[in-house]
file final16.txt (compact mmCIF, C-alpha atoms and all ligand atoms)
# COMPACT_ATOMS: atom_id res chain seq x y z
CA MET D 73 23.27 -8.56 -8.56
CA LYS D 74 23.25 -9.00 -4.76
CA PRO D 75 25.72 -11.93 -4.57
CA ILE D 76 28.20 -9.94 -6.69
CA ALA D 77 27.69 -6.88 -4.50
CA TYR D 78 28.31 -8.88 -1.29
CA LEU D 79 31.44 -10.43 -2.82
CA ILE D 80 32.81 -6.97 -3.71
CA GLY D 81 31.83 -5.74 -0.24
CA PHE D 82 33.55 -8.70 1.41
CA CYS D 83 36.83 -8.04 -0.47
CA LEU D 84 36.76 -4.28 0.22
CA TYR D 85 35.88 -4.73 3.89
CA TYR D 86 38.45 -7.37 4.80
CA SER D 87 41.22 -5.68 2.77
CA GLY D 88 40.55 -2.45 4.68
CA LEU D 89 39.79 -0.60 1.43
CA PHE D 90 36.21 -0.02 2.58
CA ARG D 91 37.35 3.08 4.50
CA LEU D 92 38.65 4.55 1.23
CA ALA D 93 35.38 3.65 -0.51
CA ILE D 94 33.37 5.38 2.23
CA SER D 95 35.63 8.43 1.97
CA ILE D 96 35.35 8.63 -1.84
CA ARG D 97 31.53 8.52 -1.57
CA LYS D 98 31.24 10.74 1.49
CA ARG D 99 29.18 13.41 -0.32
CA CYS D 100 26.41 10.90 -1.18
CA VAL D 101 23.80 11.19 1.55
CA LYS D 102 22.31 7.90 2.72
CA ILE D 103 18.72 7.83 3.98
CA LEU D 104 17.80 4.53 5.63
CA THR D 105 14.26 3.10 5.79
CA TYR D 106 13.08 0.95 8.65
CA HIS D 107 9.59 -0.19 9.66
CA ASP D 108 9.25 -2.59 12.56
CA ILE D 109 11.98 -3.26 15.16
CA ALA D 110 10.91 -6.28 17.19
CA GLU D 111 12.13 -9.65 18.45
CA LYS D 112 9.22 -11.37 16.73
CA GLU D 113 6.91 -10.37 13.88
CA ASN D 114 3.37 -9.77 15.14
CA SER D 115 0.25 -10.85 13.22
CA PHE D 116 -0.04 -7.44 11.55
CA VAL D 117 3.32 -7.60 9.78
CA ARG D 118 4.01 -11.32 9.45
CA GLY D 119 5.29 -12.17 6.01
CA MET D 120 5.82 -8.56 5.00
CA ARG D 121 9.60 -8.74 5.52
CA ILE D 122 9.72 -5.37 7.22
CA SER D 123 10.81 -6.43 10.71
CA LEU D 124 14.32 -6.38 12.15
CA THR D 125 15.37 -7.53 15.60
CA PRO D 126 16.66 -4.90 18.05
CA ARG D 127 20.03 -6.72 18.02
CA VAL D 128 20.43 -6.29 14.22
CA PHE D 129 19.30 -2.67 14.46
CA GLU D 130 21.90 -2.10 17.19
CA ARG D 131 24.63 -3.54 14.92
CA HIS D 132 23.62 -1.00 12.25
CA LEU D 133 23.89 1.82 14.78
CA GLN D 134 27.32 0.58 15.88
CA PHE D 135 28.57 0.59 12.28
CA LEU D 136 27.08 4.03 11.63
CA GLN D 137 28.62 5.45 14.80
CA LYS D 138 32.07 4.27 13.76
CA HIS D 139 32.10 5.29 10.11
CA TYR D 140 29.37 7.88 9.47
CA SER D 141 27.70 10.98 10.81
CA VAL D 142 24.03 10.41 11.68
CA VAL D 143 22.19 13.71 11.12
CA PRO D 144 18.56 14.91 11.12
CA LEU D 145 16.83 14.90 7.73
CA LYS D 146 16.75 18.69 7.80
CA THR D 147 20.57 18.85 8.01
CA ALA D 148 20.93 16.31 5.21
CA LEU D 149 18.58 18.29 2.94
CA ALA D 150 20.63 21.43 3.47
CA GLY D 151 23.87 19.47 2.99
CA MET D 152 22.78 18.07 -0.35
CA GLN D 153 22.03 21.52 -1.73
CA THR D 154 25.32 23.13 -0.60
CA PRO D 155 28.32 21.56 -2.38
CA GLY D 156 31.05 20.28 -0.08
CA THR D 157 28.89 20.27 3.04
CA ALA D 158 27.62 16.69 3.36
CA ASP D 159 30.29 14.55 4.96
CA ARG D 160 29.32 10.88 5.50
CA TYR D 161 25.76 11.96 6.30
CA VAL D 162 23.27 9.24 7.15
CA CYS D 163 19.60 9.77 8.12
CA ILE D 164 17.49 7.17 9.90
CA THR D 165 13.80 7.00 9.00
CA PHE D 166 10.86 4.77 9.97
CA ASP D 167 7.72 4.32 7.88
CA ASP D 168 4.13 3.48 8.91
CA GLY D 169 4.37 4.41 12.63
CA TYR D 170 4.54 0.99 14.29
CA ALA D 171 4.56 0.97 18.10
CA SER D 172 7.85 -0.93 18.12
CA ILE D 173 9.66 2.28 17.13
CA ALA D 174 8.96 3.74 20.59
CA ARG D 175 9.32 0.46 22.46
CA ASN D 176 12.45 -0.99 20.83
CA ALA D 177 14.15 1.55 18.55
CA LEU D 178 13.90 4.72 20.64
CA PRO D 179 15.92 3.35 23.62
CA LEU D 180 18.73 2.37 21.22
CA LEU D 181 18.62 5.69 19.37
CA SER D 182 18.87 7.50 22.72
CA GLU D 183 21.79 5.31 23.81
CA PHE D 184 23.73 6.24 20.65
CA GLY D 185 22.55 9.85 20.70
CA PHE D 186 21.04 9.57 17.20
CA SER D 187 18.10 11.49 15.76
CA ALA D 188 15.55 9.98 13.36
CA THR D 189 12.36 10.74 11.44
CA ALA D 190 9.13 8.73 11.80
CA PHE D 191 6.79 8.94 8.82
CA LEU D 192 3.22 8.39 10.03
CA VAL D 193 0.03 7.42 8.22
CA GLY D 194 -2.82 9.76 9.16
CA LYS D 195 -5.66 7.25 9.31
CA CYS D 196 -3.55 4.99 11.57
CA ALA D 197 -1.93 7.66 13.78
CA VAL D 198 -4.94 9.88 14.33
CA GLY D 199 -7.85 7.94 12.81
CA ARG D 200 -6.90 4.78 14.75
CA GLU D 201 -7.78 2.60 11.77
CA VAL D 202 -5.70 -0.35 10.60
CA MET D 203 -4.29 0.00 7.08
CA TRP D 204 -5.25 -2.62 4.51
CA ARG D 205 -1.85 -4.32 4.32
CA ASN D 206 -1.85 -4.91 8.08
CA ARG D 207 -5.48 -6.06 8.01
CA LEU D 208 -4.64 -8.55 5.29
CA ALA D 209 -1.55 -9.81 7.15
CA PHE D 210 -3.68 -10.25 10.28
CA LEU D 211 -6.37 -12.11 8.36
CA LEU D 212 -3.92 -14.51 6.72
CA CYS D 213 -2.00 -14.99 9.93
CA GLU D 214 -5.03 -15.66 12.12
CA HIS D 215 -7.16 -17.61 9.65
CA GLY D 216 -4.50 -19.32 7.48
CA GLY D 217 -5.56 -21.39 4.47
CA ARG D 218 -9.24 -20.43 4.72
CA ALA D 219 -8.39 -16.73 4.39
CA GLN D 220 -5.93 -17.45 1.59
CA ALA D 221 -8.54 -19.34 -0.44
CA ALA D 222 -11.05 -16.53 0.13
CA LEU D 223 -8.44 -13.96 -0.94
CA ALA D 224 -7.72 -15.92 -4.10
CA ARG D 225 -11.46 -16.05 -4.92
CA ALA D 226 -11.86 -12.33 -4.22
CA THR D 227 -8.93 -11.32 -6.45
CA VAL D 228 -10.22 -13.13 -9.53
CA GLU D 229 -12.03 -9.94 -10.59
CA PHE D 230 -8.79 -7.96 -10.08
CA ASP D 231 -6.46 -10.22 -12.00
CA PRO D 232 -7.08 -13.95 -12.65
CA SER D 233 -3.37 -14.79 -12.86
CA LEU D 234 -2.70 -13.10 -9.51
CA ALA D 235 -5.62 -15.04 -7.99
CA LYS D 236 -4.13 -18.29 -9.27
CA ALA D 237 -0.71 -17.38 -7.88
CA ILE D 238 -2.22 -16.53 -4.47
CA GLU D 239 -4.15 -19.80 -4.41
CA SER D 240 -1.09 -21.94 -5.04
CA ALA D 241 1.36 -19.99 -2.85
CA PRO D 242 2.20 -20.71 0.77
CA SER D 243 0.31 -18.18 2.92
CA VAL D 244 3.31 -15.91 3.48
CA GLY D 245 3.92 -15.91 -0.27
CA ALA D 246 0.29 -15.07 -0.82
CA LEU D 247 0.67 -12.00 1.31
CA ARG D 248 3.65 -10.78 -0.69
CA LEU D 249 1.78 -11.37 -3.94
CA SER D 250 -1.17 -9.43 -2.59
CA LYS D 251 1.08 -6.35 -2.38
CA ASN D 252 0.27 -6.00 -6.07
CA LEU D 253 -3.43 -5.56 -5.30
CA GLN D 254 -3.17 -1.86 -4.87
CA MET D 255 -1.43 -1.46 -8.20
CA LEU D 256 -4.33 -3.22 -9.87
CA ARG D 257 -7.17 -1.28 -8.25
CA PRO D 258 -7.66 1.99 -6.30
CA LEU D 259 -7.52 1.85 -2.49
CA VAL D 260 -11.29 2.12 -2.05
CA GLU D 261 -11.85 -1.07 -4.09
CA VAL D 262 -9.09 -2.96 -2.27
CA GLU D 263 -10.54 -1.93 1.09
CA SER D 264 -14.06 -2.92 0.16
CA MET D 265 -12.83 -6.32 -1.07
CA LEU D 266 -11.02 -6.75 2.23
CA SER D 267 -14.14 -5.82 4.23
CA ARG D 268 -16.06 -8.52 2.37
CA LEU D 269 -13.30 -11.01 3.21
CA GLU D 270 -13.34 -10.05 6.87
CA GLY D 271 -17.10 -10.55 6.87
CA ASP D 272 -18.36 -11.46 10.31
CA LEU D 273 -14.95 -12.02 11.87
CA PRO D 274 -14.43 -10.18 15.14
CA CYS D 275 -13.10 -6.64 14.80
CA ILE D 276 -9.39 -6.10 15.35
CA ALA D 277 -9.32 -4.64 18.85
CA GLU D 278 -5.57 -4.23 19.17
CA LYS D 279 -3.70 -1.73 16.96
CA PRO D 280 -0.07 -2.14 15.93
CA TYR D 281 0.65 1.59 15.79
CA LEU D 282 2.15 4.22 18.08
CA SER D 283 -0.27 5.50 20.72
CA ASP D 284 -0.65 9.25 21.39
CA GLN D 285 1.55 8.87 24.45
CA GLU D 286 4.25 7.07 22.43
CA LEU D 287 4.13 9.77 19.74
CA VAL D 288 4.86 12.36 22.41
CA GLU D 289 7.69 10.18 23.77
CA LEU D 290 9.21 9.99 20.29
CA ALA D 291 8.95 13.73 19.75
CA ASN D 292 10.57 14.35 23.15
CA GLY D 293 13.27 11.80 22.33
CA GLY D 294 14.46 13.64 19.22
CA VAL D 295 12.43 11.78 16.60
CA VAL D 296 10.80 14.11 14.07
CA LEU D 297 7.19 13.15 13.26
CA ALA D 298 6.55 13.49 9.53
CA ASN D 299 4.04 12.63 6.81
CA HIS D 300 3.61 9.25 5.08
CA SER D 301 0.24 10.35 3.58
CA TYR D 302 -3.19 10.22 5.17
CA SER D 303 -4.39 6.83 3.92
CA HIS D 304 -1.30 5.06 2.52
CA ALA D 305 -2.89 5.04 -0.94
CA GLU D 306 -1.02 4.09 -4.09
CA PHE D 307 -0.34 7.55 -5.58
CA ASN D 308 -0.37 6.35 -9.18
CA TRP D 309 -4.16 5.99 -8.85
CA LEU D 310 -4.95 9.39 -7.33
CA THR D 311 -6.59 12.47 -8.85
CA PRO D 312 -5.01 15.91 -8.18
CA ASP D 313 -7.58 16.61 -5.43
CA GLN D 314 -6.88 13.28 -3.75
CA ILE D 315 -3.11 13.88 -3.92
CA GLU D 316 -3.65 17.24 -2.25
CA SER D 317 -5.64 15.76 0.63
CA GLU D 318 -3.04 13.01 1.15
CA LEU D 319 -0.25 15.60 1.39
CA LYS D 320 -2.03 17.99 3.74
CA PRO D 321 -0.46 18.41 7.20
CA TRP D 322 -3.11 16.27 8.94
CA TYR D 323 -1.06 15.80 12.14
CA ARG D 324 -1.06 19.39 13.35
CA GLU D 325 -4.86 19.53 13.33
CA HIS D 326 -5.02 16.66 15.82
CA HIS D 327 -1.89 17.07 17.92
CA GLY D 328 -1.17 20.78 17.81
CA ASN D 329 1.00 20.66 20.92
CA THR D 330 3.34 17.92 19.74
CA PRO D 331 6.06 19.14 17.39
CA SER D 332 5.90 17.62 13.91
CA GLU D 333 7.32 18.29 10.46
CA MET D 334 4.57 17.44 8.01
CA THR D 335 6.49 19.10 5.16
CA PHE D 336 8.73 16.01 5.04
CA PHE D 337 6.92 13.38 2.99
CA SER D 338 7.74 9.74 2.30
CA LEU D 339 5.82 8.14 -0.53
CA PRO D 340 3.62 5.11 0.36
CA PHE D 341 5.10 1.99 -1.27
CA GLY D 342 8.06 4.17 -2.26
CA HIS D 343 8.28 3.06 -5.87
CA ARG D 344 8.29 4.92 -9.14
CA LEU D 345 5.56 7.49 -9.77
CA ARG D 346 4.10 7.72 -13.24
CA ASN D 347 2.62 11.07 -12.21
CA HIS D 348 5.74 12.40 -10.49
CA ALA D 349 5.59 15.85 -12.16
CA LEU D 350 2.01 16.35 -10.92
CA VAL D 351 2.74 15.11 -7.39
CA LYS D 352 5.80 17.36 -7.23
CA GLU D 353 3.85 20.38 -8.44
CA ILE D 354 1.17 19.85 -5.76
CA ALA D 355 3.80 19.16 -3.10
CA VAL D 356 5.65 22.39 -3.90
CA ARG D 357 2.38 24.37 -3.80
CA LEU D 358 1.51 22.93 -0.37
CA GLY D 359 4.96 23.74 1.03
CA THR D 360 6.19 20.12 1.16
CA ARG D 361 9.98 20.24 1.24
CA CYS D 362 10.92 16.76 0.08
CA ILE D 363 9.58 13.45 -1.24
CA LEU D 364 11.36 10.28 -0.21
CA PHE D 365 11.20 7.10 -2.30
CA SER D 366 12.39 3.60 -1.38
CA ASN D 367 14.44 2.73 -4.42
CA GLY D 368 17.65 1.46 -2.86
CA LEU D 369 19.64 4.52 -3.98
CA ASP D 370 21.65 7.11 -2.07
CA ASN D 371 21.74 10.83 -2.87
CA PRO D 372 24.68 12.56 -4.57
CA PRO D 373 25.03 16.36 -4.20
CA LYS D 374 22.29 18.38 -5.94
CA THR D 375 19.78 15.51 -5.90
CA ASP D 376 16.23 16.78 -6.49
CA PRO D 377 14.71 16.99 -2.97
CA TYR D 378 11.42 15.79 -4.48
CA CYS D 379 13.08 12.59 -5.68
CA LEU D 380 15.22 11.40 -2.77
CA GLY D 381 16.40 7.81 -2.63
CA ARG D 382 16.30 5.57 0.43
CA GLN D 383 18.08 2.35 1.26
CA HIS D 384 17.34 -0.72 3.36
CA LEU D 385 19.84 -2.25 5.73
CA ILE D 386 18.91 -5.83 6.59
CA SER D 387 22.14 -7.60 7.56
CA SER D 388 23.94 -7.92 10.85
CA LYS D 389 27.48 -8.62 9.60
CA PHE D 390 29.56 -5.47 9.17
CA TYR D 391 30.85 -6.33 5.68
CA ARG D 392 27.25 -6.82 4.52
CA ILE D 393 26.13 -3.56 6.16
CA PHE D 394 28.95 -1.81 4.30
CA THR D 395 27.84 -3.51 1.05
CA GLU D 396 24.24 -2.38 1.52
CA LEU D 397 25.36 1.18 2.24
CA GLU D 398 28.04 1.66 -0.40
CA VAL D 399 28.21 -1.09 -3.04
CA LEU D 400 24.57 -1.87 -3.82
CA PRO D 401 23.54 1.75 -4.61
CA VAL D 402 26.40 2.06 -7.11
CA LEU D 403 25.52 -1.20 -8.84
CA ARG D 404 21.83 -0.26 -8.88
CA ARG D 405 22.56 3.15 -10.39
CA TYR D 406 24.76 1.69 -13.15
CA SER D 407 22.33 -1.10 -13.95
CA LYS D 408 19.52 1.48 -14.22
CA LEU D 409 21.63 3.58 -16.59
CA LEU D 410 22.39 0.53 -18.68
CA LEU D 411 18.72 -0.43 -18.85
CA LYS D 412 17.85 3.11 -19.91
CA LEU D 413 20.38 2.96 -22.75
CA LEU D 414 19.13 -0.43 -23.91
CA ARG D 415 15.45 0.38 -23.68
CA THR D 416 13.78 1.02 -27.01
CA GLU D 417 10.15 0.78 -25.93
CA GLY D 418 8.06 3.10 -23.74
CA PRO D 419 7.59 2.52 -20.00
CA THR D 420 5.62 -0.54 -18.88
CA THR D 421 4.00 -1.48 -15.59
CA GLU D 422 7.33 -3.11 -14.69
CA ASP D 423 8.66 0.42 -14.25
CA TRP D 424 6.63 1.05 -11.18
CA ARG D 425 6.63 -2.29 -9.45
CA PRO D 426 7.49 -1.82 -5.79
CA VAL D 427 10.97 -2.84 -4.69
CA GLN D 428 9.93 -3.33 -1.05
CA GLY D 429 7.07 -3.55 1.43
CA PRO D 430 4.89 -0.60 2.38
ZN ZN Z 501 4.40 2.65 4.21
call {"tool": "encode", "arguments": {"input": "final16.txt", "output": "structure tokens", "more": "lines below"}}
Ligand SMILES: [Zn+2]
result
Amino acid sequence: MKPIAYLIGFCLYYSGLFRLAISIRKRCVKILTYHDIAEKENSFVRGMRISLTPRVFERHLQFLQKHYSVVPLKTALAGMQTPGTADRYVCITFDDGYASIARNALPLLSEFGFSATAFLVGKCAVGREVMWRNRLAFLLCEHGGRAQAALARATVEFDPSLAKAIESAPSVGALRLSKNLQMLRPLVEVESMLSRLEGDLPCIAEKPYLSDQELVELANGGVVLANHSYSHAEFNWLTPDQIESELKPWYREHHGNTPSEMTFFSLPFGHRLRNHALVKEIAVRLGTRCILFSNGLDNPPKTDPYCLGRQHLISSKFYRIFTELEVLPVLRRYSKLLLKLLRTEGPTTEDWRPVQGP
């Protein structure tokens, strides 16, 4: 689908028709997801495909400044619910709370005068722990083939075919395959498997996340601090009580003086929820105002605020940025509709496979 989308985007951009396309779709609110903005991937995120260089990020901001209106998430939420209000709205969001947001993204956001929302993980932001995906990346990065073989052996009990795939993959590939681990077993089992793998290796002294000081800098720089759950668990595994504790406004208890908006929630892994009705019911009861997914879709007027789509921008060329903003969501939406019409069987695990990194 992507090559076709980029071809359409190329034709629309260089014929000048892209301005018309943006205007026709100006009521569809775009929410962008970023993670790490850095010149080089560090050991905690290597192979996860979630890093962009500051230069590419700056190109995105240049394109947005010229053709869109970058607004806070709060404004976008209100705009979606009031017909005729949203006009080329784009929101910028960051997941996981990596330190590079303050070091590399914030100066650029300030230069352009843009606001953003940073979705933080409680155990990383206030508990100062390293989440399992980053621990695994670190392990594979620092200990290479030995760690990969150990990971393959450890995942046999999870899924023999996944273990085989990990064993035969290059180490970066192994990391991407291991993203499936949390769909196969609850977080507690994945973490205990990882602890066994880490064994006697030295503890990770350095943390890849925003420090308290950097969190304050972000808040002062117009970045809203929001909730990406407490432990970054896969929600499809959780009981109602566990969902409730993941959604609780953990930040205020620890950083009462720093402004935050814990009622904005972005779903860990961002893919389809089999228990969406339950999660939504608990979220509404706790006062959560929105749930953001990472499904590559934008948000037409009247979109359910508990089922908001988010998109990734990864390219540096303007015609490709335009394609990722305007062409890909349309193709995705139509292909989903088509699949729905053709489907005769009930949902399978394929329905909730992640479309991106954590
Ligand atoms: Zn995440």
call {"tool": "residues_near_ligand", "arguments": {"input": "final16.txt", "ligand": "ligand ZN 501 (chain Z)", "cutoff": "9 Å", "atoms": "only C-alpha atoms and all ligand atoms", "output": "list in words"}}
result
His107, Phe166, Asp167, Asp168, Gly169, Phe191, Leu192, Val193, His300, Ser301, His304, Ser338, Leu339, Pro340, Phe341, Gly342, Gly429 and Pro430 of chain D
call {"tool": "write_last_selection", "arguments": {"input": "final16.txt", "atoms": "C-alpha atoms", "output": "compact mmCIF listing (two decimals), in the frame of the given file"}}
result
# COMPACT_ATOMS: atom_id res chain seq x y z
CA HIS D 107 9.59 -0.19 9.66
CA PHE D 166 10.86 4.77 9.97
CA ASP D 167 7.72 4.32 7.88
CA ASP D 168 4.13 3.48 8.91
CA GLY D 169 4.37 4.41 12.63
CA PHE D 191 6.79 8.94 8.82
CA LEU D 192 3.22 8.39 10.03
CA VAL D 193 0.03 7.42 8.22
CA HIS D 300 3.61 9.25 5.08
CA SER D 301 0.24 10.35 3.58
CA HIS D 304 -1.30 5.06 2.52
CA SER D 338 7.74 9.74 2.30
CA LEU D 339 5.82 8.14 -0.53
CA PRO D 340 3.62 5.11 0.36
CA PHE D 341 5.10 1.99 -1.27
CA GLY D 342 8.06 4.17 -2.26
CA GLY D 429 7.07 -3.55 1.43
CA PRO D 430 4.89 -0.60 2.38
call {"tool": "closest_residue", "arguments": {"input": "final16.txt", "among": "D:Tyr281, D:Ala349, D:Leu136, D:Phe394", "to": "Ala190 in chain D", "atoms": "all atoms listed in the file"}}
result
D:Tyr281
call {"tool": "atom_distance", "arguments": {"input": "final16.txt", "atom1": "CA of Ala241 in chain D", "atom2": "CA of Glu263 in chain D"}}
result
22.0 Å
call {"tool": "residues_near_point", "arguments": {"input": "final16.txt", "point": "(-9.6, -9.4, 7.1)", "cutoff": "8 Å", "atoms": "only C-alpha atoms", "output": "list in words"}}
result
Arg207, Leu208, Phe210, Leu211, Leu212, Ala219, Leu266, Ser267, Leu269, Glu270, Gly271 and Leu273 of chain D
call {"tool": "closest_residue", "arguments": {"input": "final16.txt", "among": "D:Asp159, D:Tyr106, D:Ile80, D:Glu130", "to": "Pro373 in chain D", "atoms": "all atoms listed in the file"}}
result
D:Asp159
call {"tool": "atom_distance", "arguments": {"input": "final16.txt", "atom1": "CA of Glu306 in chain D", "atom2": "CA of Pro258 in chain D"}}
result
7.3 Å
call {"tool": "build_atoms", "arguments": {"input": "final16.txt", "residues": "range 151-168 of chain D", "atoms": "N, CA and C atoms", "output": "short mmCIF file (atom, residue, chain, number, x, y, z; two decimals), in the coordinates of the input"}}
result
data_model
loop_
_atom_site.label_atom_id
_atom_site.label_comp_id
_atom_site.auth_asym_id
_atom_site.auth_seq_id
_atom_site.Cartn_x
_atom_site.Cartn_y
_atom_site.Cartn_z
N GLY D 151 22.55 19.94 3.43
CA GLY D 151 23.87 19.47 2.99
C GLY D 151 23.91 19.10 1.53
N MET D 152 22.81 18.50 1.04
CA MET D 152 22.78 18.07 -0.35
C MET D 152 22.76 19.25 -1.31
N GLN D 153 22.18 20.36 -0.85
CA GLN D 153 22.03 21.52 -1.73
C GLN D 153 23.25 22.46 -1.68
N THR D 154 24.13 22.28 -0.70
CA THR D 154 25.32 23.13 -0.60
C THR D 154 26.56 22.27 -0.86
N PRO D 155 27.19 22.43 -2.04
CA PRO D 155 28.32 21.56 -2.38
C PRO D 155 29.41 21.57 -1.31
N GLY D 156 29.94 20.40 -1.03
CA GLY D 156 31.05 20.28 -0.08
C GLY D 156 30.63 20.21 1.37
N THR D 157 29.33 20.25 1.64
CA THR D 157 28.89 20.27 3.04
C THR D 157 28.69 18.86 3.60
N ALA D 158 27.94 18.04 2.84
CA ALA D 158 27.62 16.69 3.36
C ALA D 158 28.91 15.88 3.52
N ASP D 159 29.08 15.33 4.70
CA ASP D 159 30.29 14.55 4.96
C ASP D 159 29.90 13.27 5.70
N ARG D 160 29.74 12.18 4.95
CA ARG D 160 29.32 10.88 5.50
C ARG D 160 27.96 10.97 6.20
N TYR D 161 27.08 11.79 5.68
CA TYR D 161 25.76 11.96 6.30
C TYR D 161 24.89 10.71 6.12
N VAL D 162 24.27 10.31 7.20
CA VAL D 162 23.27 9.24 7.15
C VAL D 162 22.04 9.70 7.95
N CYS D 163 20.84 9.48 7.39
CA CYS D 163 19.60 9.77 8.12
C CYS D 163 18.89 8.45 8.39
N ILE D 164 18.27 8.37 9.55
CA ILE D 164 17.49 7.17 9.90
C ILE D 164 16.01 7.53 9.83
N THR D 165 15.24 6.74 9.09
CA THR D 165 13.80 7.00 9.00
C THR D 165 13.00 5.72 9.26
N PHE D 166 11.78 5.89 9.74
CA PHE D 166 10.86 4.77 9.97
C PHE D 166 9.56 5.09 9.24
N ASP D 167 9.00 4.11 8.56
CA ASP D 167 7.72 4.32 7.88
C ASP D 167 6.59 3.59 8.61
N ASP D 168 5.39 4.11 8.49
CA ASP D 168 4.13 3.48 8.91
C ASP D 168 3.76 3.68 10.39
#
